[in-house]
Amino acid sequence: MLRTVVAPNPSPLTLDGTRTYIVGRDRVAVLDPGSDDPDHLDAVAAVVGDGVVTSVLVTHQHPDHVAGASALAERFDAPVRSLRGKTLRDGQRMETDAGELVAVATPGHTTDHVAFHWPAEDAVFCGDLMMGGHDTALVAPPEGRLGPYLASLARIRALAPSVIYPAHGPPFLNPGQALDRYVRHRALRQEQVLRALTDGIGDYEGLLDAVYGGELDPELRRPAMAALKAYLEHLQGLGKVRRKARGWEVRER
Ligand SMILES: [Zn+2]
């Protein structure tokens, strides 16, 4: 049994709000308590009802996921489990009466990011690795890194889930196709960055315009700049580009 409560924290980066998932009915795990808005926490508690919460799980330490965790854990007298807090480890199993959840370390969005596999329902809760209804999610340095992110997408793919529940936006009902789109999007953007650098555009503003163009929502300019830096650092790691006095350039072979 899976129930969802959407937190009242909509924004361009959280879409319609953080999705708090409640897995199980009598013995329950609560995933990503979301904001600490009292009405939201009341709504989660109402859904849990007289169920016993076995754990409050946190996919990563961003405020839109963790802010309500300690208040909720106190209310239910349940432990908060997260990689950052070292109260969770890769492969750890959490009990619910709807089947167990298995922690899957998936760094990339942040270094401490963890997804949860739900084998009984052939499902994965992917946190912020993927954004429902979109083909990309934010990977921004210093905590976000593209190499680990791509490896994490591959790790999710290897589980071959039939549904993926993201922390923002609606579920992915064709996960294989969605993962293809996510990987393709990254490859395309990386190619665009490399092409712009090859064309002699090396400053951040110029690169941002070349890669994201006029389609960019002004509110997303900052996160897009951070994403651009993730591509540059990734390409640097691959030995394809290097920093210069002000900006970046292609590395001649
Ligand atoms: Zn989030």
# chains A, B, ... in the order shown; residues from 1 in each chain; ligands from 1
>>> residues_around(residues="range 237-245 of chain A", least_positions_apart="2", cutoff="10 Å", atoms="only C-alpha atoms", output="PyMOL selection string")
chain A and resi 147+194+197-198+202-203+231-235+247-253
>>> write_last_selection(atoms="C-alpha atoms", output="PDB file, in the first residue's frame")
ATOM      1  CA  GLY A 147      30.090  11.096 -13.141  1.00  0.00           C
ATOM      2  CA  LEU A 194      31.945  21.076 -25.940  1.00  0.00           C
ATOM      3  CA  LEU A 197      33.990  25.784 -26.280  1.00  0.00           C
ATOM      4  CA  THR A 198      35.258  24.605 -29.669  1.00  0.00           C
ATOM      5  CA  GLY A 202      34.798  30.219 -22.927  1.00  0.00           C
ATOM      6  CA  ASP A 203      33.161  32.577 -20.413  1.00  0.00           C
ATOM      7  CA  TYR A 231      29.383  19.637 -17.216  1.00  0.00           C
ATOM      8  CA  LEU A 232      32.652  21.579 -17.274  1.00  0.00           C
ATOM      9  CA  GLU A 233      34.034  19.693 -14.266  1.00  0.00           C
ATOM     10  CA  HIS A 234      32.916  16.390 -15.775  1.00  0.00           C
ATOM     11  CA  LEU A 235      34.594  17.228 -19.110  1.00  0.00           C
ATOM     12  CA  GLY A 247      36.666  30.667 -18.111  1.00  0.00           C
ATOM     13  CA  TRP A 248      37.370  27.459 -19.969  1.00  0.00           C
ATOM     14  CA  GLU A 249      38.837  26.120 -23.197  1.00  0.00           C
ATOM     15  CA  VAL A 250      39.059  22.897 -25.155  1.00  0.00           C
ATOM     16  CA  ARG A 251      42.208  20.944 -24.461  1.00  0.00           C
ATOM     17  CA  GLU A 252      44.280  20.481 -27.602  1.00  0.00           C
ATOM     18  CA  ARG A 253      45.564  16.993 -28.132  1.00  0.00           C
TER      19      ARG A 253
END
>>> residues_near_ligand(ligand="ligand 1", cutoff="10 Å", atoms="only C-alpha atoms and all ligand atoms", output="number ranges by chain")
A: 13-15, 17-19, 32, 34, 59-66, 109, 127-131, 137-138, 166-168
>>> residues_around(residues="Arg27 in chain A", least_positions_apart="2", cutoff="7 Å", atoms="only C-alpha atoms", output="PyMOL selection string")
chain A and resi 24-25+51-54+96-97
>>> residues_around(residues="range 113-116 of chain A", least_positions_apart="3", cutoff="8 Å", atoms="only C-alpha atoms", output="PyMOL selection string")
chain A and resi 58-61+82-83+90+101-110+124-127
>>> atom_distance(atom1="CA of Asp135 in chain A", atom2="CA of Leu207 in chain A")
20.9 Å
>>> closest_residue(among="A:Ala45, A:Leu88, A:Leu2, A:Ala160", to="Phe76 in chain A", atoms="only C-alpha atoms")
A:Ala45
>>> select_by_dssp(residues="range 95-233 of chain A", states="strand (DSSP E)", output="list of chain:residue names")
A:Leu101, A:Val102, A:Ala103, A:Val104, A:Ala105, A:Val114, A:Ala115, A:Phe116, A:His117, A:Trp118, A:Ala123, A:Val124, A:Phe125, A:Cys126, A:Gly127, A:Val163, A:Ile164, A:Tyr165, A:Pro166
>>> decode(residues="range 130-193 of chain A", atoms="C-alpha atoms", output="PDB file, in the first residue's frame")
ATOM      1  CA  MET A 130      14.825  12.256 -11.577  1.00  0.00           C
ATOM      2  CA  MET A 131      12.047  14.866 -11.690  1.00  0.00           C
ATOM      3  CA  GLY A 132       8.571  13.639 -12.643  1.00  0.00           C
ATOM      4  CA  GLY A 133       7.432  14.909 -16.040  1.00  0.00           C
ATOM      5  CA  HIS A 134      10.925  16.177 -16.912  1.00  0.00           C
ATOM      6  CA  ASP A 135      13.986  14.736 -18.659  1.00  0.00           C
ATOM      7  CA  THR A 136      16.546  16.175 -16.273  1.00  0.00           C
ATOM      8  CA  ALA A 137      17.254  16.859 -12.606  1.00  0.00           C
ATOM      9  CA  LEU A 138      19.659  19.262 -10.952  1.00  0.00           C
ATOM     10  CA  VAL A 139      23.305  18.221 -10.595  1.00  0.00           C
ATOM     11  CA  ALA A 140      25.221  21.224  -9.271  1.00  0.00           C
ATOM     12  CA  PRO A 141      28.750  21.396  -7.799  1.00  0.00           C
ATOM     13  CA  PRO A 142      30.194  21.205  -5.259  1.00  0.00           C
ATOM     14  CA  GLU A 143      27.847  18.527  -3.878  1.00  0.00           C
ATOM     15  CA  GLY A 144      26.513  17.474  -7.268  1.00  0.00           C
ATOM     16  CA  ARG A 145      28.772  15.574  -9.686  1.00  0.00           C
ATOM     17  CA  LEU A 146      27.904  14.234 -13.093  1.00  0.00           C
ATOM     18  CA  GLY A 147      30.090  11.096 -13.141  1.00  0.00           C
ATOM     19  CA  PRO A 148      28.541   9.600  -9.994  1.00  0.00           C
ATOM     20  CA  TYR A 149      25.110  10.804 -11.162  1.00  0.00           C
ATOM     21  CA  LEU A 150      25.327   8.829 -14.415  1.00  0.00           C
ATOM     22  CA  ALA A 151      26.568   5.779 -12.489  1.00  0.00           C
ATOM     23  CA  SER A 152      23.560   6.126 -10.163  1.00  0.00           C
ATOM     24  CA  LEU A 153      21.135   6.206 -13.112  1.00  0.00           C
ATOM     25  CA  ALA A 154      22.792   2.987 -14.312  1.00  0.00           C
ATOM     26  CA  ARG A 155      22.361   1.463 -10.871  1.00  0.00           C
ATOM     27  CA  ILE A 156      18.630   2.262 -10.936  1.00  0.00           C
ATOM     28  CA  ARG A 157      18.361   0.855 -14.452  1.00  0.00           C
ATOM     29  CA  ALA A 158      19.984  -2.414 -13.298  1.00  0.00           C
ATOM     30  CA  LEU A 159      17.094  -2.873 -10.844  1.00  0.00           C
ATOM     31  CA  ALA A 160      14.736  -2.848 -13.877  1.00  0.00           C
ATOM     32  CA  PRO A 161      11.801  -1.350 -11.933  1.00  0.00           C
ATOM     33  CA  SER A 162       8.360  -1.171 -13.533  1.00  0.00           C
ATOM     34  CA  VAL A 163       7.662   2.179 -11.879  1.00  0.00           C
ATOM     35  CA  ILE A 164       9.831   4.972 -10.447  1.00  0.00           C
ATOM     36  CA  TYR A 165       8.440   7.380  -7.869  1.00  0.00           C
ATOM     37  CA  PRO A 166      10.344  10.697  -7.827  1.00  0.00           C
ATOM     38  CA  ALA A 167      10.301  13.109  -4.884  1.00  0.00           C
ATOM     39  CA  HIS A 168       8.875  15.773  -7.207  1.00  0.00           C
ATOM     40  CA  GLY A 169       6.306  15.315  -9.960  1.00  0.00           C
ATOM     41  CA  PRO A 170       4.316  12.288 -11.078  1.00  0.00           C
ATOM     42  CA  PRO A 171       5.682   8.718 -11.282  1.00  0.00           C
ATOM     43  CA  PHE A 172       7.537   7.328 -14.296  1.00  0.00           C
ATOM     44  CA  LEU A 173       5.452   4.448 -15.643  1.00  0.00           C
ATOM     45  CA  ASN A 174       7.998   3.579 -18.365  1.00  0.00           C
ATOM     46  CA  PRO A 175      11.226   3.755 -16.384  1.00  0.00           C
ATOM     47  CA  GLY A 176      13.449   2.254 -19.099  1.00  0.00           C
ATOM     48  CA  GLN A 177      12.393   4.911 -21.594  1.00  0.00           C
ATOM     49  CA  ALA A 178      12.662   7.659 -18.986  1.00  0.00           C
ATOM     50  CA  LEU A 179      16.197   6.590 -18.040  1.00  0.00           C
ATOM     51  CA  ASP A 180      17.118   6.610 -21.756  1.00  0.00           C
ATOM     52  CA  ARG A 181      15.839  10.195 -22.021  1.00  0.00           C
ATOM     53  CA  TYR A 182      17.789  11.234 -18.916  1.00  0.00           C
ATOM     54  CA  VAL A 183      21.051   9.786 -20.232  1.00  0.00           C
ATOM     55  CA  ARG A 184      20.435  11.200 -23.723  1.00  0.00           C
ATOM     56  CA  HIS A 185      19.728  14.653 -22.312  1.00  0.00           C
ATOM     57  CA  ARG A 186      23.066  14.631 -20.458  1.00  0.00           C
ATOM     58  CA  ALA A 187      24.979  13.494 -23.537  1.00  0.00           C
ATOM     59  CA  LEU A 188      23.312  16.195 -25.639  1.00  0.00           C
ATOM     60  CA  ARG A 189      24.069  18.993 -23.165  1.00  0.00           C
ATOM     61  CA  GLN A 190      27.653  17.803 -22.794  1.00  0.00           C
ATOM     62  CA  GLU A 191      27.996  17.894 -26.581  1.00  0.00           C
ATOM     63  CA  GLN A 192      26.565  21.451 -26.640  1.00  0.00           C
ATOM     64  CA  VAL A 193      29.055  22.628 -24.020  1.00  0.00           C
TER      65      VAL A 193
END
